[in-house]
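One file, input.cif, is given below (mmCIF, C-alpha atoms).
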```cif
data_start
loop_
_atom_site.group_PDB
_atom_site.id
_atom_site.type_symbol
_atom_site.label_atom_id
_atom_site.label_comp_id
_atom_site.auth_asym_id
_atom_site.auth_seq_id
_atom_site.Cartn_x
_atom_site.Cartn_y
_atom_site.Cartn_z
ATOM 1 C CA MET A 7 42.602 74.819 48.771
ATOM 2 C CA SER A 8 40.195 76.927 50.640
ATOM 3 C CA TRP A 9 36.444 77.234 49.972
ATOM 4 C CA ASN A 10 36.867 80.651 48.229
ATOM 5 C CA ASN A 11 39.446 79.372 45.708
ATOM 6 C CA GLN A 12 42.355 81.284 47.111
ATOM 7 C CA PRO A 13 45.641 79.508 47.549
ATOM 8 C CA SER A 14 46.459 78.727 51.158
ATOM 9 C CA PRO A 15 49.542 80.386 52.618
ATOM 10 C CA ALA A 16 52.722 78.298 52.630
ATOM 11 C CA PRO A 17 53.269 76.490 55.875
ATOM 12 C CA ARG A 18 55.673 78.329 58.169
ATOM 13 C CA ARG A 19 58.932 76.587 59.107
ATOM 14 C CA PRO A 20 59.569 76.016 62.776
ATOM 15 C CA GLY A 21 62.356 78.090 64.450
ATOM 16 C CA TRP A 22 64.663 75.110 64.932
ATOM 17 C CA ALA A 23 64.638 74.400 61.211
ATOM 18 C CA ARG A 24 65.880 77.901 60.390
ATOM 19 C CA LYS A 25 68.733 77.571 62.896
ATOM 20 C CA ARG A 26 69.699 74.234 61.418
ATOM 21 C CA VAL A 27 70.475 76.014 58.144
ATOM 22 C CA ALA A 28 71.840 79.354 59.465
ATOM 23 C CA VAL A 29 74.517 77.936 61.826
ATOM 24 C CA PRO A 30 76.300 75.754 59.216
ATOM 25 C CA VAL A 31 76.174 78.597 56.646
ATOM 26 C CA ALA A 32 77.795 80.995 59.152
ATOM 27 C CA ALA A 33 80.518 78.434 59.926
ATOM 28 C CA ILE A 34 81.259 77.899 56.223
ATOM 29 C CA LEU A 35 81.532 81.664 55.655
ATOM 30 C CA LEU A 36 83.908 81.988 58.632
ATOM 31 C CA PHE A 37 86.223 79.230 57.399
ATOM 32 C CA ALA A 38 86.127 80.599 53.844
ATOM 33 C CA GLY A 39 87.180 84.042 55.091
ATOM 34 C CA VAL A 40 90.048 82.575 57.121
ATOM 35 C CA GLY A 41 91.177 80.557 54.124
ATOM 36 C CA ILE A 42 91.125 83.558 51.797
ATOM 37 C CA GLY A 43 92.998 85.715 54.328
ATOM 38 C CA SER A 44 95.757 83.161 54.871
ATOM 39 C CA ALA A 45 96.081 82.410 51.147
ATOM 40 C CA GLN A 46 97.083 86.000 50.390
ATOM 41 C CA GLY A 47 100.281 85.597 52.498
ATOM 42 C CA ASP A 48 102.199 88.048 54.641
ATOM 43 C CA ASP A 49 101.777 91.700 53.580
ATOM 44 C CA THR A 50 104.706 92.980 55.651
ATOM 45 C CA LYS A 51 107.416 91.807 53.233
ATOM 46 C CA SER A 52 108.367 93.784 50.199
ATOM 47 C CA SER A 53 109.426 92.445 46.834
ATOM 48 C CA ASP A 54 113.087 93.082 47.769
ATOM 49 C CA GLY A 55 113.240 89.897 49.865
ATOM 50 C CA ASP A 56 113.459 89.799 53.652
ATOM 51 C CA LYS A 57 113.164 93.546 54.379
ATOM 52 C CA PRO A 58 109.852 94.460 56.060
ATOM 53 C CA THR A 59 107.886 97.398 54.781
ATOM 54 C CA PRO A 60 108.029 100.457 57.034
ATOM 55 C CA LYS A 61 104.954 101.438 59.034
ATOM 56 C CA VAL A 62 104.217 105.040 59.954
ATOM 57 C CA THR A 63 102.223 106.274 62.943
ATOM 58 C CA VAL A 64 100.910 109.831 62.931
ATOM 59 C CA THR A 65 99.863 111.603 66.122
ATOM 60 C CA VAL A 66 97.595 114.632 65.894
ATOM 61 C CA THR A 67 97.286 117.090 68.773
ATOM 62 C CA ALA A 68 93.763 118.300 69.438
ATOM 63 C CA LYS A 69 93.108 122.034 69.324
ATOM 64 C CA PRO A 70 91.221 123.772 72.115
ATOM 65 C CA ALA A 71 87.517 124.092 71.436
ATOM 66 C CA ARG A 72 87.257 127.769 72.268
ATOM 67 C CA VAL A 73 89.667 130.478 73.415
ATOM 68 C CA LYS A 74 88.370 133.022 75.932
ATOM 69 C CA ASP A 75 89.007 136.731 75.408
ATOM 70 C CA LYS A 76 90.328 137.312 78.933
ATOM 71 C CA ALA A 77 92.910 135.047 80.423
ATOM 72 C CA GLU A 78 92.032 133.755 83.891
ATOM 73 C CA PRO A 79 94.864 133.327 86.344
ATOM 74 C CA ALA A 80 95.676 129.720 87.108
ATOM 75 C CA PRO A 81 94.745 128.591 90.609
ATOM 76 C CA THR A 82 97.664 128.289 93.010
ATOM 77 C CA VAL A 83 98.224 125.223 95.136
ATOM 78 C CA THR A 84 99.978 125.403 98.482
ATOM 79 C CA VAL A 85 101.264 122.220 100.069
ATOM 80 C CA THR A 86 102.374 122.206 103.690
ATOM 81 C CA LYS A 87 104.369 119.271 105.012
ATOM 82 C CA THR A 88 105.039 118.836 108.699
ATOM 83 C CA VAL A 89 108.034 116.713 109.612
ATOM 84 C CA THR A 90 108.787 115.566 113.129
ATOM 85 C CA ALA A 91 112.473 115.310 113.866
ATOM 86 C CA LYS A 92 113.614 111.953 115.189
ATOM 87 C CA PRO A 93 115.539 112.127 118.450
ATOM 88 C CA LYS A 94 119.195 111.270 118.048
ATOM 89 C CA ALA A 95 120.509 108.530 120.257
ATOM 90 C CA SER A 96 123.729 109.115 122.102
ATOM 91 C CA PRO A 97 126.760 107.323 120.693
ATOM 92 C CA LYS A 98 127.145 103.674 121.629
ATOM 93 C CA PRO A 99 129.473 103.031 124.540
ATOM 94 C CA LYS A 100 132.882 101.620 123.758
ATOM 95 C CA LYS A 101 133.182 97.834 123.709
ATOM 96 C CA SER A 102 136.634 97.937 125.171
ATOM 97 C CA ASN A 103 137.202 96.562 128.617
ATOM 98 C CA GLU A 104 135.086 99.224 130.351
ATOM 99 C CA ALA A 105 134.237 97.014 133.295
ATOM 100 C CA PRO A 106 136.981 96.231 135.741
ATOM 101 C CA ALA A 107 137.470 92.511 136.370
ATOM 102 C CA GLY A 108 134.719 91.093 138.557
ATOM 103 C CA THR A 109 132.345 94.032 137.888
ATOM 104 C CA ALA A 110 129.118 94.188 135.871
ATOM 105 C CA VAL A 111 128.421 97.537 134.171
ATOM 106 C CA PHE A 112 124.820 98.406 133.192
ATOM 107 C CA LYS A 113 124.129 101.307 130.791
ATOM 108 C CA VAL A 114 120.963 102.845 129.342
ATOM 109 C CA TRP A 115 121.124 105.864 127.007
ATOM 110 C CA GLY A 116 119.107 107.633 124.316
ATOM 111 C CA SER A 117 115.970 109.762 124.277
ATOM 112 C CA ALA A 118 112.823 109.140 126.334
ATOM 113 C CA PRO A 119 110.732 112.342 126.469
ATOM 114 C CA SER A 120 107.936 110.676 128.490
ATOM 115 C CA GLY A 121 110.310 108.866 130.801
ATOM 116 C CA VAL A 122 111.733 105.378 131.157
ATOM 117 C CA ASP A 123 111.381 102.618 133.788
ATOM 118 C CA ILE A 124 114.751 100.877 134.334
ATOM 119 C CA THR A 125 115.584 97.689 136.241
ATOM 120 C CA TYR A 126 118.971 95.949 136.419
ATOM 121 C CA GLY A 127 120.732 93.254 138.381
ATOM 122 C CA SER A 128 121.313 89.506 138.504
ATOM 123 C CA ASP A 129 119.125 86.449 138.924
ATOM 124 C CA GLY A 130 119.241 87.062 142.668
ATOM 125 C CA GLU A 131 118.641 90.838 142.814
ATOM 126 C CA ASN A 132 116.510 93.370 140.947
ATOM 127 C CA LEU A 133 117.373 97.081 141.316
ATOM 128 C CA ASP A 134 115.642 100.238 140.067
ATOM 129 C CA GLY A 135 117.368 102.951 138.061
ATOM 130 C CA SER A 136 116.234 106.322 136.767
ATOM 131 C CA GLY A 137 117.352 109.095 134.451
ATOM 132 C CA LEU A 138 119.179 108.993 131.131
ATOM 133 C CA PRO A 139 121.971 108.309 130.581
ATOM 134 C CA LEU A 140 122.230 105.668 133.318
ATOM 135 C CA THR A 141 125.435 103.860 134.327
ATOM 136 C CA ARG A 142 125.499 101.451 137.287
ATOM 137 C CA LYS A 143 128.083 98.927 138.499
ATOM 138 C CA LEU A 144 127.683 95.769 140.576
ATOM 139 C CA LYS A 145 130.237 93.321 141.910
ATOM 140 C CA VAL A 146 129.866 89.963 140.091
ATOM 141 C CA LYS A 147 128.895 87.113 142.408
ATOM 142 C CA ASP A 148 130.246 83.607 141.814
ATOM 143 C CA ASP A 149 126.822 81.976 142.102
ATOM 144 C CA ALA A 150 124.988 84.389 139.718
ATOM 145 C CA LEU A 151 123.552 82.730 136.600
ATOM 146 C CA TYR A 152 122.983 85.955 134.637
ATOM 147 C CA TYR A 153 123.092 89.763 134.754
ATOM 148 C CA GLN A 154 120.492 91.798 132.879
ATOM 149 C CA VAL A 155 119.191 95.315 132.281
ATOM 150 C CA SER A 156 115.653 96.190 131.164
ATOM 151 C CA ALA A 157 114.337 99.655 130.260
ATOM 152 C CA GLN A 158 110.719 100.292 129.241
ATOM 153 C CA LEU A 159 109.741 103.507 127.452
ATOM 154 C CA MET A 160 106.812 105.320 129.054
ATOM 155 C CA GLY A 161 105.571 106.693 125.720
ATOM 156 C CA GLY A 162 107.688 107.532 122.681
ATOM 157 C CA GLY A 163 111.436 107.499 122.481
ATOM 158 C CA ASP A 164 114.535 105.717 121.216
ATOM 159 C CA ILE A 165 116.843 104.048 123.739
ATOM 160 C CA ARG A 166 119.695 101.543 123.875
ATOM 161 C CA CYS A 167 120.957 99.432 126.763
ATOM 162 C CA SER A 168 123.973 97.234 127.509
ATOM 163 C CA VAL A 169 125.509 94.881 130.073
ATOM 164 C CA THR A 170 129.311 94.422 130.171
ATOM 165 C CA ILE A 171 131.258 91.850 132.217
ATOM 166 C CA ASP A 172 134.941 90.995 131.697
ATOM 167 C CA GLY A 173 135.038 92.525 128.191
ATOM 168 C CA GLU A 174 131.855 90.758 126.987
ATOM 169 C CA THR A 175 128.981 93.109 126.084
ATOM 170 C CA LYS A 176 125.354 92.465 125.131
ATOM 171 C CA THR A 177 123.221 95.347 123.831
ATOM 172 C CA GLY A 178 119.530 95.996 123.167
ATOM 173 C CA HIS A 179 117.412 98.644 121.437
ATOM 174 C CA ALA A 180 113.834 99.942 121.773
ATOM 175 C CA ARG A 181 111.928 102.585 119.800
ATOM 176 C CA GLY A 182 108.317 103.745 120.103
ATOM 177 C CA GLY A 183 105.690 103.846 122.817
ATOM 178 C CA TYR A 184 106.039 101.426 125.757
ATOM 179 C CA ASN A 185 108.611 99.184 124.037
ATOM 180 C CA ILE A 186 111.268 97.459 126.130
ATOM 181 C CA CYS A 187 115.039 97.465 125.677
ATOM 182 C CA SER A 188 116.717 94.485 127.292
ATOM 183 C CA ALA A 189 120.210 92.988 127.393
ATOM 184 C CA GLN A 190 121.442 89.950 129.305
ATOM 185 C CA LEU A 191 124.787 88.190 129.811
ATOM 186 C CA ASN A 192 124.631 84.550 130.923
ATOM 187 C CA GLY A 193 127.292 82.719 132.868
ATOM 188 C CA ASP A 194 128.762 79.633 131.190
ATOM 189 C CA PHE A 195 130.239 76.456 132.697
ATOM 190 C CA THR A 196 133.836 77.660 132.323
ATOM 191 C CA GLY A 197 133.260 80.717 134.492
ATOM 192 C CA GLY A 198 133.005 83.163 131.550
ATOM 193 C CA TRP A 199 130.094 85.224 130.289
ATOM 194 C CA ASP A 200 128.191 84.769 127.073
#
```

Go ahead and render the structure in this file as structure tokens.
Amino acid sequence: MSWNNQPSPAPRRPGWARKRVAVPVAAILLFAGVGIGSAQGDDTKSSDGDKPTPKVTVTVTAKPARVKDKAEPAPTVTVTKTVTAKPKASPKPKKSNEAPAGTAVFKVWGSAPSGVDITYGSDGENLDGSGLPLTRKLKVKDDALYYQVSAQLMGGGDIRCSVTIDGETKTGHARGGYNICSAQLNGDFTGGWD
């Protein structure tokens, strides 16, 4: 009691005491709701047995908010597409026995608008070639280990190259700036080319 005979206010509970009561009550209400919901069973079955009840979905199209008195023309869109044609490579040379016996045939063909740097020969000699299409022949030497052709694009292009000896042909391909086309036939221990 206070000195003026008024009742003193009830003591206030601390915050942790209120939480100690509120958390278990919320958990009980949650579990009670789950229990009630599961006790009612599955609503999708009808009284006829196993047939589910049909569900209907309705879609409503919205109406425009306001229609103008004068119709405005729709804007036009113009799309321009630029396509660069790819250069067509010349047909591949025949694989038949184009090279006479004992002769190496070097070929380079295709498209090289910026030019091409061509070298061909064996392990003992390196020769320059120019211009497309290129066809060169060399006599095969008994002591040569390999014969090869190499053509480097000097910018864009699409080229192919080949080396043929005694009916065996190896080919290569290069496309794009400064790429190299190369083909090489190696001598084997039996005297053939692989």

Apply the PyMOL selection byres ((chain A and resi 108) around 8) to the structure shown and report the selected residues as an MDAnalysis selection string. chainID A and resid 105:107 109:110 145:146 171:172

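Here atom CA of Leu133 of chain A stands at a distance of 13.2 Å from atom CA of Lys113 of chain A.
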
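Atom pair atom CA of Leu140 of chain A / atom CA of Trp115 of chain A has a distance of 6.4 Å (rounded to one decimal).
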
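Minimum distance to Asp200 of chain A across A:Arg181, A:Arg142, A:Gly162, A:Tyr152 (counting all atoms listed in the file) occurs at A:Tyr152.
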
Go ahead and find all residues with at least one atom no further than 10 Å from (112.8, 96.4, 128.5) in the file's coordinates, using all atoms listed in the file; report them as a PyMOL selection string. chain A and resi 122-125+154-159+165-167+178-180+184-189

Around (120.5, 87.3, 142.8), as given in the file, which residues come within 12 Å? Count only C-alpha atoms and list them as a PyMOL selection string. chain A and resi 126-133+144-154

Would you output that residue set with C-alpha atoms, as a JSON list (two decimals), keeping the file's coordinate frame?
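Everything below was put into result_14.json:
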```
[["chain", "number", "residue", "atom", "x", "y", "z"],
["A", 126, "TYR", "CA", 118.97, 95.95, 136.42],
["A", 127, "GLY", "CA", 120.73, 93.25, 138.38],
["A", 128, "SER", "CA", 121.31, 89.51, 138.50],
["A", 129, "ASP", "CA", 119.12, 86.45, 138.92],
["A", 130, "GLY", "CA", 119.24, 87.06, 142.67],
["A", 131, "GLU", "CA", 118.64, 90.84, 142.81],
["A", 132, "ASN", "CA", 116.51, 93.37, 140.95],
["A", 133, "LEU", "CA", 117.37, 97.08, 141.32],
["A", 144, "LEU", "CA", 127.68, 95.77, 140.58],
["A", 145, "LYS", "CA", 130.24, 93.32, 141.91],
["A", 146, "VAL", "CA", 129.87, 89.96, 140.09],
["A", 147, "LYS", "CA", 128.90, 87.11, 142.41],
["A", 148, "ASP", "CA", 130.25, 83.61, 141.81],
["A", 149, "ASP", "CA", 126.82, 81.98, 142.10],
["A", 150, "ALA", "CA", 124.99, 84.39, 139.72],
["A", 151, "LEU", "CA", 123.55, 82.73, 136.60],
["A", 152, "TYR", "CA", 122.98, 85.96, 134.64],
["A", 153, "TYR", "CA", 123.09, 89.76, 134.75],
["A", 154, "GLN", "CA", 120.49, 91.80, 132.88]]
```

What's the separation between atom CA of Ala118 of chain A and atom CA of Gly163 of chain A, in Å to one decimal place? 4.4 Å

Would you mind telling me which residue in A:Val40, A:Val114, A:Gly161, A:Gly121 lies nearest to Pro139 of chain A when using only C-alpha atoms? A:Val114
